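One file, start.txt, is given below (compact mmCIF, C-alpha atoms and all ligand atoms).
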# COMPACT_ATOMS: atom_id res chain seq x y z
CA MET L 1 97.76 60.18 157.94
CA ALA L 2 95.92 59.11 154.83
CA HIS L 3 93.02 61.25 155.98
CA HIS L 4 95.18 64.24 156.47
CA GLN L 5 96.76 63.85 153.04
CA HIS L 6 93.41 63.49 151.43
CA ALA L 7 92.12 66.62 153.09
CA ALA L 8 95.17 68.52 151.96
CA ALA L 9 94.74 67.17 148.44
CA ALA L 10 91.07 68.14 148.40
CA ALA L 11 91.89 71.64 149.56
CA ALA L 12 94.34 72.08 146.73
CA ALA L 13 92.01 70.59 144.13
CA PRO L 14 91.15 72.71 141.14
CA THR L 15 87.64 73.77 142.02
CA ALA L 16 86.55 77.29 141.16
CA ALA L 17 85.83 77.76 137.49
CA PRO L 18 87.91 80.60 136.16
CA ALA L 19 86.20 83.00 133.82
CA VAL L 20 86.53 81.09 130.59
CA HIS L 21 84.02 81.72 127.85
CA VAL L 22 81.56 78.86 127.75
CA GLY L 23 81.49 76.71 124.64
CA GLU L 24 85.08 77.49 123.78
CA PRO L 25 86.94 75.10 126.03
CA ARG L 26 90.42 76.36 126.78
CA ALA L 27 92.43 73.26 127.43
CA GLY L 28 94.45 73.37 130.62
CA VAL L 29 91.94 75.49 132.53
CA PRO L 30 89.77 73.41 134.87
CA GLY L 31 86.06 74.21 134.98
CA PRO L 32 83.14 72.78 136.95
CA ASP L 33 82.79 69.80 134.60
CA THR L 34 86.49 69.01 134.48
CA VAL L 35 87.20 65.35 135.17
CA LEU L 36 90.94 65.25 134.51
CA THR L 37 93.52 68.00 134.93
CA LEU L 38 97.20 67.68 134.15
CA ARG L 39 99.36 70.47 135.51
CA ASP L 40 102.96 70.82 134.52
CA VAL L 41 103.39 67.08 134.08
CA CYS L 42 106.89 65.98 133.17
CA LEU L 43 108.18 62.46 132.72
CA ASP L 44 111.83 61.53 132.59
CA ILE L 45 113.39 58.14 132.13
CA LEU L 46 116.15 57.79 134.70
CA THR L 47 119.36 56.29 133.44
CA GLU L 48 122.88 55.99 134.80
CA ASP L 49 123.67 59.16 132.88
CA ASP L 50 121.35 62.10 132.48
CA PRO L 51 117.61 61.55 132.69
CA ILE L 52 115.93 61.30 129.28
CA PRO L 53 113.09 63.79 128.98
CA ILE L 54 109.95 62.17 127.56
CA LEU L 55 107.07 64.47 128.58
CA ARG L 56 107.57 68.19 129.10
CA HIS L 57 105.28 70.48 131.13
CA LEU L 58 101.95 69.09 129.99
CA ASP L 59 98.85 71.10 130.87
CA LEU L 60 95.61 69.53 129.79
CA THR L 61 92.03 69.12 130.93
CA VAL L 62 89.29 66.72 129.94
CA ASP L 63 85.69 67.57 130.77
CA LYS L 64 82.62 65.47 131.29
CA GLY L 65 80.94 64.79 127.94
CA GLN L 66 84.05 65.81 126.02
CA ILE L 67 86.40 63.91 123.74
CA GLN L 68 89.83 65.45 124.12
CA GLY L 69 92.08 64.28 121.33
CA LEU L 70 95.81 63.85 121.68
CA ALA L 71 97.56 63.83 118.33
CA GLY L 72 101.16 63.85 117.18
CA GLU L 73 103.65 61.79 115.29
CA SER L 74 105.05 58.47 116.44
CA GLY L 75 107.24 58.84 119.52
CA SER L 76 105.83 62.24 120.49
CA GLY L 77 104.68 60.90 123.88
CA LYS L 78 100.96 60.20 123.46
CA THR L 79 100.95 56.69 124.91
CA MET L 80 103.31 57.69 127.71
CA THR L 81 100.88 60.46 128.67
CA GLY L 82 98.05 57.90 128.99
CA LEU L 83 100.25 55.54 130.96
CA ALA L 84 101.39 58.32 133.31
CA ILE L 85 97.75 59.23 134.03
CA MET L 86 97.04 55.61 134.85
CA GLY L 87 100.20 55.29 136.95
CA LEU L 88 101.39 52.61 134.54
CA GLU L 89 104.56 54.32 133.35
CA PRO L 90 107.69 52.15 133.16
CA PRO L 91 109.46 51.61 136.51
CA GLN L 92 112.46 53.68 135.53
CA ALA L 93 110.27 56.70 134.80
CA ARG L 94 109.96 59.68 137.12
CA VAL L 95 106.73 61.64 136.89
CA THR L 96 106.42 65.15 138.33
CA GLY L 97 103.57 67.64 138.30
CA GLU L 98 99.91 67.15 139.19
CA ILE L 99 97.41 64.69 137.75
CA TRP L 100 93.99 65.46 139.19
CA LEU L 101 91.08 63.11 138.78
CA GLY L 102 88.32 65.11 140.40
CA ASP L 103 89.78 66.03 143.77
CA GLU L 104 92.43 63.33 143.92
CA ASN L 105 95.96 63.98 142.77
CA LEU L 106 96.98 60.66 141.22
CA ALA L 107 100.58 61.82 140.97
CA GLU L 108 100.76 61.60 144.77
CA MET L 109 99.07 58.22 145.06
CA ARG L 110 100.82 54.90 145.11
CA GLY L 111 100.12 51.21 145.39
CA ARG L 112 96.67 50.04 146.33
CA ALA L 113 95.08 53.47 146.56
CA LEU L 114 96.12 54.20 143.00
CA ALA L 115 95.06 50.77 141.77
CA ARG L 116 91.62 51.34 143.28
CA VAL L 117 91.14 54.68 141.56
CA ARG L 118 92.54 53.37 138.31
CA GLY L 119 90.29 50.35 138.27
CA ARG L 120 87.09 52.11 139.20
CA ARG L 121 87.31 55.63 137.92
CA ILE L 122 89.39 55.27 134.76
CA GLY L 123 88.82 52.82 131.94
CA MET L 124 91.47 52.19 129.32
CA VAL L 125 91.22 50.77 125.82
CA PHE L 126 94.28 49.97 123.75
CA GLN L 127 95.03 49.62 120.09
CA ASP L 128 95.02 45.88 120.06
CA PRO L 129 92.07 44.25 121.82
CA SER L 130 94.19 41.17 122.39
CA THR L 131 96.22 43.13 124.95
CA SER L 132 93.08 43.79 126.98
CA LEU L 133 91.43 40.40 126.43
CA HIS L 134 92.80 37.14 127.75
CA PRO L 135 92.54 34.53 124.97
CA GLN L 136 91.76 31.62 127.29
CA LEU L 137 89.10 33.19 129.48
CA LYS L 138 85.45 33.46 128.58
CA VAL L 139 84.22 36.94 127.80
CA GLY L 140 81.78 36.84 130.71
CA HIS L 141 84.55 36.08 133.17
CA GLN L 142 86.66 38.96 131.87
CA LEU L 143 83.77 41.38 132.13
CA THR L 144 82.62 40.38 135.60
CA ASP L 145 85.95 39.75 137.31
CA HIS L 146 87.01 43.37 137.44
CA ALA L 147 83.58 44.68 138.52
CA ARG L 148 83.17 42.05 141.22
CA TYR L 149 86.52 42.98 142.66
CA HIS L 150 86.03 46.74 142.57
CA LEU L 151 82.32 47.04 143.24
CA HIS L 152 81.75 43.92 145.36
CA LEU L 153 78.92 42.74 143.12
CA THR L 154 77.50 39.24 143.41
CA LYS L 155 78.07 36.90 140.51
CA SER L 156 74.58 37.39 139.12
CA GLU L 157 74.65 41.16 139.58
CA ALA L 158 77.95 41.27 137.73
CA ARG L 159 76.57 39.09 134.91
CA ASP L 160 73.55 41.33 134.57
CA ARG L 161 75.76 44.35 134.32
CA ALA L 162 77.98 42.56 131.79
CA VAL L 163 74.95 41.84 129.60
CA GLU L 164 73.86 45.47 129.91
CA MET L 165 77.32 46.69 128.88
CA LEU L 166 77.62 44.28 125.95
CA GLU L 167 74.22 45.44 124.77
CA ARG L 168 75.33 49.03 125.19
CA VAL L 169 78.40 48.56 122.98
CA GLY L 170 76.46 46.66 120.33
CA VAL L 171 77.66 43.08 120.75
CA PRO L 172 74.91 40.79 119.41
CA ASN L 173 73.31 38.17 121.69
CA PRO L 174 75.02 39.46 124.82
CA ARG L 175 73.87 36.67 127.11
CA ASP L 176 75.36 34.03 124.78
CA ALA L 177 78.46 36.13 124.32
CA LEU L 178 79.32 35.75 128.00
CA ASP L 179 80.07 32.07 127.49
CA ARG L 180 82.24 32.49 124.43
CA TYR L 181 85.96 33.09 124.04
CA PRO L 182 87.51 36.20 122.45
CA HIS L 183 88.62 34.33 119.31
CA GLU L 184 84.98 33.60 118.50
CA PHE L 185 84.44 37.32 117.80
CA SER L 186 85.56 39.59 114.98
CA GLY L 187 88.21 42.27 115.56
CA GLY L 188 85.60 45.01 115.78
CA GLN L 189 83.49 43.00 118.21
CA ARG L 190 86.57 42.26 120.31
CA GLN L 191 87.26 45.98 120.55
CA ARG L 192 83.62 46.55 121.56
CA ILE L 193 84.07 43.93 124.26
CA ALA L 194 87.26 45.65 125.45
CA ILE L 195 85.29 48.90 125.66
CA ALA L 196 82.53 47.11 127.60
CA ILE L 197 85.16 45.86 130.08
CA ALA L 198 86.54 49.39 130.44
CA LEU L 199 83.01 50.63 131.19
CA MET L 200 82.00 47.92 133.67
CA CYS L 201 82.77 50.05 136.72
CA LYS L 202 81.13 53.11 135.15
CA PRO L 203 84.34 55.15 135.03
CA GLU L 204 84.35 58.93 134.72
CA LEU L 205 87.29 58.90 132.34
CA LEU L 206 88.07 56.65 129.41
CA ILE L 207 91.57 56.69 127.97
CA ALA L 208 91.49 55.27 124.46
CA ASP L 209 94.92 54.78 122.91
CA GLU L 210 94.60 54.23 119.15
CA PRO L 211 91.44 52.18 119.77
CA THR L 212 90.59 51.85 116.10
CA THR L 213 94.02 51.75 114.49
CA ALA L 214 94.09 47.95 114.26
CA LEU L 215 90.61 47.79 112.71
CA ASP L 216 89.75 48.06 109.07
CA VAL L 217 88.20 51.35 108.11
CA THR L 218 84.52 50.43 107.98
CA VAL L 219 84.71 48.71 111.37
CA GLN L 220 86.69 51.70 112.63
CA ALA L 221 83.79 54.05 111.84
CA GLY L 222 81.41 51.91 113.88
CA VAL L 223 83.66 51.95 116.94
CA LEU L 224 84.17 55.74 116.64
CA HIS L 225 80.43 56.25 116.52
CA LEU L 226 80.08 54.06 119.57
CA ILE L 227 82.59 56.13 121.54
CA ARG L 228 80.83 59.35 120.53
CA ASP L 229 77.52 57.85 121.57
CA LEU L 230 78.88 56.77 124.96
CA VAL L 231 80.16 60.27 125.59
CA ASP L 232 76.84 61.83 124.66
CA THR L 233 74.68 59.40 126.63
CA LEU L 234 76.85 58.60 129.66
CA GLY L 235 78.62 61.94 129.98
CA LEU L 236 81.95 60.13 129.89
CA ALA L 237 85.15 62.16 129.58
CA VAL L 238 87.46 60.67 126.96
CA LEU L 239 91.14 61.18 126.25
CA PHE L 240 91.39 59.91 122.70
CA ILE L 241 94.92 59.22 121.52
CA THR L 242 95.70 58.78 117.86
CA HIS L 243 98.35 59.69 115.34
CA ASP L 244 95.63 59.58 112.71
CA LEU L 245 94.24 63.03 112.03
CA GLY L 246 91.40 61.68 109.90
CA VAL L 247 90.15 59.72 112.90
CA MET L 248 90.86 62.66 115.17
CA SER L 249 88.85 65.08 113.09
CA ALA L 250 85.94 62.65 113.02
CA VAL L 251 85.75 62.02 116.74
CA ALA L 252 87.36 64.69 118.94
CA ASP L 253 85.83 67.89 120.35
CA THR L 254 89.12 69.47 121.33
CA VAL L 255 92.57 68.52 120.17
CA ALA L 256 96.04 68.81 121.67
CA VAL L 257 98.95 68.28 119.32
CA MET L 258 102.15 66.83 120.78
CA ARG L 259 105.65 66.99 119.49
CA HIS L 260 108.77 65.79 121.29
CA GLY L 261 106.86 65.40 124.55
CA ARG L 262 105.32 68.87 124.51
CA ILE L 263 101.88 70.11 123.65
CA VAL L 264 102.57 72.56 120.83
CA GLU L 265 99.00 73.48 119.97
CA ARG L 266 95.58 72.87 121.40
CA GLY L 267 92.06 74.12 121.12
CA HIS L 268 88.71 73.39 119.65
CA LYS L 269 88.88 70.91 116.80
CA ARG L 270 87.27 73.44 114.50
CA ASP L 271 90.12 75.87 115.05
CA ILE L 272 92.87 73.30 114.95
CA PHE L 273 91.69 71.71 111.74
CA VAL L 274 90.49 74.78 109.94
CA GLN L 275 93.02 77.34 111.13
CA PRO L 276 96.04 75.63 112.63
CA ARG L 277 98.53 78.11 114.05
CA HIS L 278 101.56 76.04 114.89
CA PRO L 279 103.73 75.11 111.89
CA TYR L 280 103.94 71.55 113.14
CA THR L 281 100.15 71.21 113.11
CA LYS L 282 100.10 72.71 109.65
CA ALA L 283 102.67 70.19 108.54
CA LEU L 284 100.65 67.33 110.03
CA LEU L 285 97.52 68.56 108.27
CA ALA L 286 99.33 69.06 105.00
CA ALA L 287 100.34 65.41 105.19
CA LEU L 288 96.70 64.33 105.46
CA PRO L 289 95.47 63.27 102.02
CA GLY L 290 92.46 65.20 100.84
CA ALA L 291 92.72 67.83 103.56
CA LYS L 292 95.36 70.07 102.09
CA GLY L 293 93.63 73.33 102.74
CA GLY L 294 92.22 72.21 106.06
CA LEU L 295 88.68 71.02 106.60
CA THR L 296 85.87 73.49 106.45
CA SER L 297 83.03 72.97 108.88
CA ARG L 298 81.72 70.88 111.72
CA GLU L 299 79.28 69.30 109.28
CA ASP L 300 82.15 68.36 107.01
CA LEU L 301 83.87 66.73 109.91
CA ARG L 302 80.76 64.85 110.91
CA HIS L 303 80.26 63.50 107.43
CA MET L 304 83.87 62.92 106.67
CA ASP L 305 84.32 59.70 104.81
CA LEU L 306 85.98 57.43 107.30
CA THR L 307 86.32 54.77 104.68
CA ALA L 308 88.82 56.91 102.80
CA ASP L 309 92.37 56.14 103.82
CA PRO L 310 93.26 58.81 106.36
CA GLU L 311 96.77 57.56 107.15
CA ILE L 312 99.47 60.10 107.66
CA PRO L 313 103.17 59.34 107.56
CA ASP L 314 104.79 58.54 110.88
CA THR L 315 107.06 61.49 110.63
CA VAL L 316 106.21 64.79 109.22
CA PRO L 317 108.27 66.87 106.84
CA GLY L 318 108.79 70.55 107.38
CA LEU L 319 110.74 70.80 110.62
CA ASP L 320 114.45 70.56 111.10
CA ALA L 321 116.12 68.32 113.67
CA ASP L 322 115.69 70.85 116.48
CA GLY L 323 111.99 71.18 115.79
CA VAL L 324 112.48 74.58 114.22
CA PRO L 325 109.96 75.00 111.45
CA ILE L 326 111.23 75.33 107.94
CA PRO L 327 109.49 78.37 106.38
CA GLU L 328 105.92 77.64 105.47
CA ALA L 329 106.44 77.76 101.73
CA ASP L 330 108.60 74.66 102.08
CA THR L 331 106.48 72.64 104.48
CA GLU L 332 104.47 71.09 101.72
CA GLY L 333 107.63 70.29 99.83
CA LYS L 334 107.11 67.06 97.97
CA GLU L 335 110.74 66.18 98.17
CA ALA L 336 110.32 65.58 101.89
CA ARG L 337 107.79 62.80 101.30
CA GLN L 338 108.93 59.31 100.56
N1 LIG W 1 109.59 51.74 128.39
C1 LIG W 1 110.21 52.80 127.88
N2 LIG W 1 111.45 53.14 128.32
C2 LIG W 1 112.10 54.20 127.81
N3 LIG W 1 111.60 55.00 126.87
C3 LIG W 1 110.38 54.73 126.38
C4 LIG W 1 109.63 53.61 126.85
N4 LIG W 1 108.46 53.58 126.18
C5 LIG W 1 108.49 54.64 125.32
N5 LIG W 1 109.64 55.32 125.44
C6 LIG W 1 110.02 56.54 124.69
O1 LIG W 1 109.08 57.55 125.03
C7 LIG W 1 108.83 58.37 123.89
C8 LIG W 1 107.35 58.51 123.71
O2 LIG W 1 106.80 57.25 123.36
P1 LIG W 1 105.25 57.00 123.19
O3 LIG W 1 105.06 55.53 123.16
O4 LIG W 1 104.51 57.76 124.21
O5 LIG W 1 104.98 57.62 121.76
P2 LIG W 1 103.61 57.72 120.95
O6 LIG W 1 103.37 59.17 120.71
O7 LIG W 1 102.55 56.95 121.64
O8 LIG W 1 103.99 57.05 119.56
P3 LIG W 1 103.13 56.05 118.60
O9 LIG W 1 102.27 56.94 117.73
O10 LIG W 1 104.18 55.36 117.81
O11 LIG W 1 102.34 55.13 119.46
C9 LIG W 1 109.55 57.73 122.74
O12 LIG W 1 110.72 58.46 122.52
C10 LIG W 1 109.88 56.34 123.21
O13 LIG W 1 111.06 55.90 122.65
MG MG W 2 101.47 55.23 121.21
Kindly return the structure encoded in the file as structure tokens.
Amino acid sequence: MAHHQHAAAAAAAPTAAPAVHVGEPRAGVPGPDTVLTLRDVCLDILTEDDPIPILRHLDLTVDKGQIQGLAGESGSGKTMTGLAIMGLEPPQARVTGEIWLGDENLAEMRGRALARVRGRRIGMVFQDPSTSLHPQLKVGHQLTDHARYHLHLTKSEARDRAVEMLERVGVPNPRDALDRYPHEFSGGQRQRIAIAIALMCKPELLIADEPTTALDVTVQAGVLHLIRDLVDTLGLAVLFITHDLGVMSAVADTVAVMRHGRIVERGHKRDIFVQPRHPYTKALLAALPGAKGGLTSREDLRHMDLTADPEIPDTVPGLDADGVPIPEADTEGKEARQ
């Protein structure tokens, strides 16, 4: 039965590349390098009364070698999207739609099959490295445990790979590091270790949920450069979640902007940041200090000063309670800021 299902799933997999113009990735349209495809993904929280809609009709793709950003204010559904992809949504959630990782529809997988895919083919990094690192286990154990389980490596093979990964993410003295505990490292190093753990099984997809938000800005820049470097050298596909548009503009290739569980705008970063179309995106950008008129070029983005404070407010002025934009002239209204 499992065989049959898999064959059916493979047959329905998004394969043929539609005629999209190369170099201008149109999110939501799978191509030959597409690693992740979401199609019409909805998530509702079931209650005794009506279900609460959390994610609405998400269409999104992430390609090999691409950092797809997911932006939006607090509560817009960014983390829930990552959790739904991983199959880690809360138990009372109902997910519908298709979540393709290559030719496997994760939305149809359950239990051990899903855990196997999740562990091997997707890595996840969270905001706070202490949620991914166990405080009482040596770093080496945490790196090798997962890989030994999923890849059936011997202890020494797993340790060798752990050293290689720690080297790769820039943790000094990797062989020594294996025998130390997380608290013996700085916050930035801990996040590098969490990234190394996520990479141990050489996943195709990395989901990074606010991976630098807990770090101070100079350390943040180092971790962002690392992620970029991993994408360029390993061909990793990354879904990069952040509410911070300064970080987003520095790291992402393509950006999807979420509001109230929907993707309201998406496209190449250049277009989103320079010529946003949706009023909500405009409002988000207007709230970004120093970027009032939008950013100007890819070079600007590359050299953007990550040590400047790029925080945006959690909520954005300029839209009324139903999400209907207030006319543009008012969206920069100072009275709406605290
Ligand atoms: N376990 C849960 N049960 C019910 N609702 C939840 C649960 N977790 C989150 N939600 C709701 O889902 C919505 C989306 O939350 P989510 O955590 O995805 O937001 P976010 O965009 O990641 O925000 P932030 O920038 O603050 O991290 C919110 O309305 C939130 O209240
Ligand atoms: Mg979140």
Within 9 Å of ligand LIG 1 (chain W) (counting only C-alpha atoms and all ligand atoms), which residues show up? I'd like them as a tab-separated table (two decimals) with C-alpha atoms, keeping the file's coordinate frame.
chain	number	residue	atom	x	y	z
L	44	ASP	CA	111.83	61.53	132.59
L	45	ILE	CA	113.39	58.14	132.13
L	46	LEU	CA	116.15	57.79	134.70
L	52	ILE	CA	115.93	61.30	129.28
L	53	PRO	CA	113.09	63.79	128.98
L	54	ILE	CA	109.95	62.17	127.56
L	55	LEU	CA	107.07	64.47	128.58
L	70	LEU	CA	95.81	63.85	121.68
L	71	ALA	CA	97.56	63.83	118.33
L	72	GLY	CA	101.16	63.85	117.18
L	73	GLU	CA	103.65	61.79	115.29
L	74	SER	CA	105.05	58.47	116.44
L	75	GLY	CA	107.24	58.84	119.52
L	76	SER	CA	105.83	62.24	120.49
L	77	GLY	CA	104.68	60.90	123.88
L	78	LYS	CA	100.96	60.20	123.46
L	79	THR	CA	100.95	56.69	124.91
L	80	MET	CA	103.31	57.69	127.71
L	81	THR	CA	100.88	60.46	128.67
L	82	GLY	CA	98.05	57.90	128.99
L	83	LEU	CA	100.25	55.54	130.96
L	89	GLU	CA	104.56	54.32	133.35
L	90	PRO	CA	107.69	52.15	133.16
L	91	PRO	CA	109.46	51.61	136.51
L	92	GLN	CA	112.46	53.68	135.53
L	93	ALA	CA	110.27	56.70	134.80
L	209	ASP	CA	94.92	54.78	122.91
L	210	GLU	CA	94.60	54.23	119.15
L	241	ILE	CA	94.92	59.22	121.52
L	242	THR	CA	95.70	58.78	117.86
L	243	HIS	CA	98.35	59.69	115.34
L	244	ASP	CA	95.63	59.58	112.71
L	258	MET	CA	102.15	66.83	120.78
L	259	ARG	CA	105.65	66.99	119.49
L	260	HIS	CA	108.77	65.79	121.29
L	261	GLY	CA	106.86	65.40	124.55
L	314	ASP	CA	104.79	58.54	110.88
- Closest of L:Val117, L:Ile85, L:Ala283, L:Ile195 to Pro129 of chain L, counting all atoms listed in the file, is L:Ile195
- Note on the structure: As a check of understanding: the span from atom CA of Val62 of chain L to atom CA of Gly102 of chain L is 10.6 Å
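The shell of residues at most 7 Å from Arg56 of chain L, with all atoms listed in the file counted and near chain neighbours (fewer than 6 positions) removed, consists of L:Val41, L:Cys42, L:Leu43, L:Gly261, L:Arg262.
The shortest atom-to-atom distance to Ala177 of chain L, with only C-alpha atoms taken into account, belongs to L:Gly140 out of L:Gly119, L:Pro51, L:Gly65, L:Gly140.
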- Note on the structure: One decimal place gives the atom CA of Ala162 of chain L-atom CA of Val35 of chain L separation as 24.8 Å
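The spacing separating atom CA of Ala287 of chain L from atom CA of Gly188 of chain L amounts to 27.3 Å.
Of the listed residues (L:Val264, L:Leu143, L:Gly69, L:Glu167), L:Gly69 comes nearest to Val247 of chain L; the distances count all atoms listed in the file.
If only C-alpha atoms are the atoms counted, then among L:Ile207, L:Leu101, L:Val255, L:Leu106 the closest residue to Lys269 of chain L is L:Val255.
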- Message: Given the point (78.9, 44.0, 137.1) in the file's coordinates, find the residues that have an atom at most 6 Å from it, counting only C-alpha atoms, and give them as number ranges by chain.
- Response: L: 144, 147, 157-159, 161-162
- Query: Any idea what's packed within 12 Å of Gln136 of chain L, counting only C-alpha atoms, ignoring anything in its chain fewer than 6 positions away? Could you give it as an NGL selection string?
  - Reply: :L and (130 or 142 or 179-184)
Identify the residues around (89.8, 56.6, 134.9) within a radius of 7 Å, measuring from all atoms listed in the file in the coordinates stated by the file, and give them as a PDB file with C-alpha atoms, in the coordinates of the input.
ATOM      1  CA  ARG L 118      92.540  53.370 138.310  1.00  0.00           C
ATOM      2  CA  ARG L 120      87.090  52.110 139.200  1.00  0.00           C
ATOM      3  CA  ARG L 121      87.310  55.630 137.920  1.00  0.00           C
ATOM      4  CA  ILE L 122      89.390  55.270 134.760  1.00  0.00           C
ATOM      5  CA  GLY L 123      88.820  52.820 131.940  1.00  0.00           C
ATOM      6  CA  PRO L 203      84.340  55.150 135.030  1.00  0.00           C
ATOM      7  CA  GLU L 204      84.350  58.930 134.720  1.00  0.00           C
ATOM      8  CA  LEU L 205      87.290  58.900 132.340  1.00  0.00           C
ATOM      9  CA  LEU L 206      88.070  56.650 129.410  1.00  0.00           C
TER      10      LEU L 206
END
- Item | Who sits within 8 Å of Asp128 of chain L, only C-alpha atoms, same chain under 4 positions skipped, as a PyMOL selection string | chain L and resi 132+191+211+214
